[in-house]
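*Asks:* Have a look at the structure that comes next, please.
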Amino acid sequence: MTFAEFFKTATGNRPYGYQCRLACGEAARPEIADTLIGGTSCASQLIDIPTGLGKTAAVVFAWLWNRIVLGDETWPRRLVYCLPMRTLVEQTAGEIEEWLAQLADWAPDGKVKERTFWLKEHSPIILMGGEENNAARREWDIHPEKPAILAGTQDMLLSRALNRGYGMARARWPMHFALLNNDALWVMDEAQLMDVGLATSGQLQAFRNDEKSRMPHPSFTWWMSATLQEYWLETPEMTKYLPDLKTKKIGTAPEDRTGPKWENVRKTIHIHPPLEDKKLADFAGEKFTDNGTTLIIVNTVKRAVEVYKALTKNKKINTGVEIHLVHSRFRPCDRQHWQTTFLNRKALAARPKLIIATQVVEAGVDISADVLITDLSPWTSLVQRFGRAARYGGQAEIYVIEIEEKKTAPYEYEELEAASTELKKLADVSIPSLEAFGKSLSPERKNQLYPYSPPFLLLRRELDDLFDTTADLTGADLDISRFIRTGDENDCQIAWIELGPKDLPPDDFQPSRGERCNVPIGDAVKFVAAGKGSVWAWDYLDRAWLPLASRDIYPGLLILARADLGGYNAEQGFDLSSKKPVACVAGTMPLPPDITADAAQDDESLSETDQWQTIAEHGRLTAHFLTVAGLFPSKTAPILNAAALWHDLGKAHPAFVSLINPDKEHLGGDIAKAPQTAWRKPVTYKASDTDIRPGFRHELASALSLIDLLHQCAPFHEALLGPWQAYMDVKQTESFKKPARITPIQEYLKGLFAHEFNLLLYLVASHHGKVRGNMQASPADQKHPVAKSGDTMPIRGIFEDDVIPSTCLGMPDGSDTRIPVTRLTLEPAAMGLSQSFGASWADRCAALLDEHGPFVLAWLETLIRAADARASK
């Protein structure tokens, strides 16, 4: 099958020439597409294509063709489709789902069929606030060797790429950080709407490029827009890569400019003085025709609602005319019918329609208006809005309503003034006219029409600082919001619930995504202040809905309100003035599994399995799944294998052993996994009957046990002494008495260089994401009686001189061996060098970060974690 046939199989259309070139290289042309079978190598790209010419299909099918059909290993396994708005994510994910269903029916036998069916069942994974993927799609992060398509908002995706994933458990941040920075093809679509997130995407790609020689699986970025300007990516680190991007920039070629969207198209433009809301509604009523679609795009939700109200009362408009309101302040359950009833090509042809909308229709909406009336907006927005008129060819009338200087919000007056000046030079804004106009602009004028000056810039030292995900005792973190999105409109989500006068929300209630309405934080503060005593927020630690005060509101917060508080109706969306009870929708969702698992410090849900597994058995199984993934660099393969085999050594600690009721067959303390019925409830770690260890982490015990194993047989090893070796007295060295028997594991540890031993320790300690760059006490450690009395505080439930009994572990050759008793030390938690154990934990991790870089180090720990999770299943 050729690429053209492949494309048509899924979409029903032949590809444009630029779509062929993107998938198959510069040699591809429409006239030879039917004979073109080969692909092209993947690289970062700039894609500047007019609106309405299938950019989404272009990038998705380029990846599908090369990665899935041709099986080209140089193309990344993950396609990460990043968009600025939720509505665009919903539309894009829907299209991808339809295409994958078509391709699954087509797929021939063999590897292509296997890859295609996996993709259909497990993609697209949707990452945006409140989205709940099915079980198969939730597990994408434990299958790093499998292809995946992720579609999400820039908030969700960029926060994960910065190791601070919004809406997910802290412990899983490093996994998504690794998977989105390694072996991933990012598509930054509608780049003109991405604010500071665009600059962040450029900086991240530059950092990846700088690390390319160390990364076994590189990542690339495609920036895409109908108004893309190269200088938007002129960041300090990205500038050196821009010349190559400009040379390879994908655009339309002369042979592409054929068909109904290019030929005999006319979009006549008229400039009109400012109009108040009601006057604008009257004007729209005059221009509306009974045989087509009139689209009105205004700059604020408030104005859209007022125009909608006036139009519904306009008696000059026939009763058979459909009038629709579209903006971002509707619940998903109320807007899910938009795509099928009026925001698609077939529906528009059925009956005359009046559609009042905000910026949400600027991108990704397949709608063609015969009459377009739009508020004056920045040039990039206007170009997108013009693309909603005569989208399928033909003719359209466009009216641009000027804005008074005092009413330009949410835009700056200078942006609107620059756009107005240029509009007055044009009589037509069809695709050919806009292309010709763009080529005529001077660099200075382009800068005025396409301004971009991000207020914050991600620096390399900040990325390195973000690598460690350990929070301090107050739970504080570095703020990354300034690198993702700026501006005043940061959203919260509000859902409503029907309750009796004295009832409180049940703790097992979680509103589904369809019930959650996005609301600007300013309006949310007003809403909560007015509804005092009838609004709540979910507390993940207490696992309960707690009363909410307006001062406690922050972006991304989920707010639950009584239905009788009002604030919403299905026809107009969120409305502070509405006092009518809100119609609630049925359906709740469980807490996301990763958040549930991370809610309590003492959670051991990953240790509950259908079958008993000893530490050695589970280690061998983890090593097996690590081999199945097969994505590790060959030089680190032995260390990864050893980490997989020994990562659960700490489960022989008495605090972990105390959790399990042994049975007749499993009497020892070498158990890693046990059936649900074997666990003592509630989960309480006890080193003895009187020694409770809240917050115990077995993975830290594993790493500290390995340190003692090496110290027993080689106390002067470079991994323990480091710089101290130069000061060691010969007599001290000779006085050391070797143990009577050195186990095979100790022989292995002795043979490691210091940097290899450090990597082994880090991979073992980080396999749950809770012990990483710092070894410090957690809030749970403060609950220990010793800590309360002011004596030495435990660290993750471990005290100095804790003992782990002799334990059986698996070896790389498949055999088992028993290690001696080990004694744990907390000296690595101290700053500086220890005379007995050398470098501190923080120094060891810093050295690893220097050696591997943040992307590769996170990648290696993610491979262990994915293998461990699959072995646990």
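Chain identifiers are assigned as A, B, and so on, following the order in which chains appear in the structure tokens; residues are numbered from 1 within each chain, and ligands are numbered from 1 in order of appearance.
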Apply DSSP to the structure's backbone, then extract all residues of segment 376-558 of chain A labelled strand (DSSP E) and return them as JSON, numbers by chain.
*Replies:* {"A": [395, 396, 397, 398, 399, 400, 401, 491, 492, 493, 494, 495, 496, 497, 517, 518, 519, 520, 535, 536, 537, 538, 539, 544, 545, 546, 547, 558]}
*Asks:* Would you mind exporting C-alpha atoms of the selected residues as a compact mmCIF listing (two decimals), in the first residue's frame?
*Replies:*
# COMPACT_ATOMS: atom_id res chain seq x y z
CA GLN A 395 -17.95 33.08 -1.38
CA ALA A 396 -18.57 34.74 1.99
CA GLU A 397 -19.19 38.21 3.38
CA ILE A 398 -17.06 39.17 6.38
CA TYR A 399 -17.77 42.11 8.70
CA VAL A 400 -15.14 43.19 11.23
CA ILE A 401 -16.57 45.26 14.10
CA ASP A 491 -9.49 28.35 35.46
CA CYS A 492 -11.02 26.40 38.30
CA GLN A 493 -13.66 23.71 37.79
CA ILE A 494 -17.10 23.75 39.39
CA ALA A 495 -19.51 20.82 39.63
CA TRP A 496 -22.94 20.73 41.25
CA ILE A 497 -24.61 18.09 43.43
CA CYS A 517 -17.52 23.50 34.25
CA ASN A 518 -14.40 25.60 33.65
CA VAL A 519 -14.66 28.96 35.39
CA PRO A 520 -12.16 31.85 35.56
CA VAL A 535 -19.27 24.80 48.55
CA TRP A 536 -16.50 22.26 49.13
CA ALA A 537 -13.13 21.17 47.79
CA TRP A 538 -11.71 17.66 47.74
CA ASP A 539 -8.87 16.97 50.17
CA ALA A 544 -13.15 13.96 52.02
CA TRP A 545 -14.99 17.05 50.80
CA LEU A 546 -14.02 19.91 53.10
CA PRO A 547 -15.67 23.37 53.34
CA LEU A 558 -12.20 21.31 41.70
*Asks:* Please provide the set of residues having any atom within 12 Å of Arg741 of chain A, restricted to only C-alpha atoms, with same-chain residues fewer than 2 positions apart removed, written as a list in words.
*Replies:* Gln712, Cys713, Lys737, Lys738, Pro739, Thr743, Pro744, Ile745, Gln746, Glu747, Arg818, Ile819 and Pro820 of chain A
*Asks:* In Å, with one decimal, what is the gap from atom CA of Ile707 of chain A to atom CA of Ser840 of chain A?
*Replies:*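 Taking atom CA of Ile707 of chain A as the start and atom CA of Ser840 of chain A as the end point, the length is 11.9 Å.
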*Asks:* Excluding Cys333 of chain A and its own-chain neighbours fewer than 5 positions away, which residues fall within 9 Å of it when counting only C-alpha atoms? Please give them as a VMD selection string.
*Replies:* chain A and resid 513 to 516 585
*Asks:* Using only C-alpha atoms, which of the listed residues (A:Arg160, A:Arg620, A:Lys146, A:Lys261) sits closest to Cys82 of chain A?
*Replies:*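 Smallest distance to Cys82 of chain A is found for A:Arg160.
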*Asks:* I'd like the neighbourhood of segment 823-831 of chain A as a PyMOL selection string, where a residue qualifies if any of its atoms comes within 12 Å (using only C-alpha atoms), though same-chain residues fewer than 5 positions away should be ignored.
*Replies:* chain A and resi 650+653+698+700-712+720-721+758+761+771-777+792-806+836-845
*Asks:* Hey, could you make a per-residue contact list for segment 387-443 of chain A against segment 266-289 of chain A with 12 Å as the cut-off, showing the nearest pair of atoms and its distance in Å to one decimal, counting only C-alpha atoms, sorted by chain and number, as a tab-separated table?
*Replies:*
residue	atom	partner	partner_atom	distance
A:Gly387	CA	A:Lys267	CA	9.7
A:Arg388	CA	A:Lys267	CA	10.6
A:Ala389	CA	A:Lys267	CA	7.4
A:Ala390	CA	A:Lys267	CA	7.2
A:Arg391	CA	A:Lys267	CA	9.9
A:Tyr392	CA	A:Arg266	CA	11.4
A:Gly393	CA	A:Arg266	CA	8.2
A:Gly394	CA	A:Arg266	CA	6.6
A:Gln395	CA	A:Arg266	CA	4.8
A:Ala396	CA	A:Lys267	CA	4.9
A:Glu397	CA	A:Thr268	CA	5.1
A:Ile398	CA	A:Ile269	CA	4.8
A:Tyr399	CA	A:His270	CA	4.8
A:Val400	CA	A:Ile271	CA	5.0
A:Ile401	CA	A:His272	CA	4.9
A:Glu402	CA	A:Pro274	CA	4.8
A:Ile403	CA	A:Pro274	CA	5.3
A:Glu404	CA	A:Pro274	CA	6.4
A:Glu405	CA	A:Pro274	CA	10.1
A:Lys406	CA	A:Pro274	CA	11.6
A:Lys407	CA	A:Pro274	CA	10.1
A:Thr408	CA	A:Pro274	CA	11.1
A:Ala419	CA	A:Ile271	CA	11.6
A:Ser420	CA	A:Ile271	CA	8.6
A:Thr421	CA	A:Ile271	CA	10.8
A:Glu422	CA	A:Ile271	CA	11.3
A:Leu423	CA	A:Ile271	CA	8.0
A:Lys424	CA	A:Ile271	CA	7.4
A:Lys425	CA	A:Ile269	CA	10.3
A:Leu426	CA	A:Ile269	CA	7.4
A:Ala427	CA	A:Ile269	CA	5.5
A:Asp428	CA	A:Thr268	CA	4.7
A:Val429	CA	A:Lys267	CA	5.4
A:Ser430	CA	A:Lys267	CA	5.3
A:Ile431	CA	A:Lys267	CA	9.1
A:Pro432	CA	A:Arg266	CA	9.6
A:Ser433	CA	A:Arg266	CA	9.1
A:Leu434	CA	A:Lys267	CA	10.6
*Asks:* Could you check how far atom CA of Leu233 of chain A sits from atom CA of Glu190 of chain A, in Å to one decimal?
*Replies:*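 Here the two named atoms are 14.1 Å from each other.
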*Asks:* Could you tell me which of A:Leu548, A:Met168, A:Ala107, A:Leu760 comes closest to Met128 of chain A if we count only C-alpha atoms?
*Replies:* A:Met168
*Asks:* Give me, as a PyMOL selection string, all polymer residues having an atom no more than 6 Å from Phe117 of chain A, counting only C-alpha atoms and skipping those fewer than 3 positions away in the same chain.
*Replies:* chain A and resi 104+114+120
*Asks:* To one decimal place in Å, what is the distance between atom CA of Leu150 of chain A and atom CA of Phe207 of chain A?
*Replies:*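 Atom CA of Phe207 of chain A lies 21.6 Å from atom CA of Leu150 of chain A.
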*Asks:* Hey, what's within 8 Å of segment 409-414 of chain A if we count only C-alpha atoms and toss same-chain stuff fewer than 2 positions away? As a PyMOL selection string, please?
*Replies:* chain A and resi 299-300+377-378+405+407+416-418
*Asks:* Nearest to Arg385 of chain A: which of A:Leu752, A:Thr40, A:Trp75, A:Gly52 is it, counting only C-alpha atoms?
*Replies:* A:Gly52
*Asks:* Write out as a ChimeraX atom specification all residues of segment 167-408 of chain A that DSSP puts in helix (DSSP H, G or I) for this structure's backbone.
*Replies:* /A:170-181,191-193,196-210,230-233,239-247,254-256,277-287,301-312,332-335,338-341,345-350,359-361,379-386,405-407
*Asks:* So that I can see what lies close to Lys686 of chain A, please list as a ChimeraX atom specification the residues with an atom at most 7 Å from it, counting only C-alpha atoms and leaving out residues fewer than 6 positions away in the same chain.
*Replies:* /A:655,658,692-693
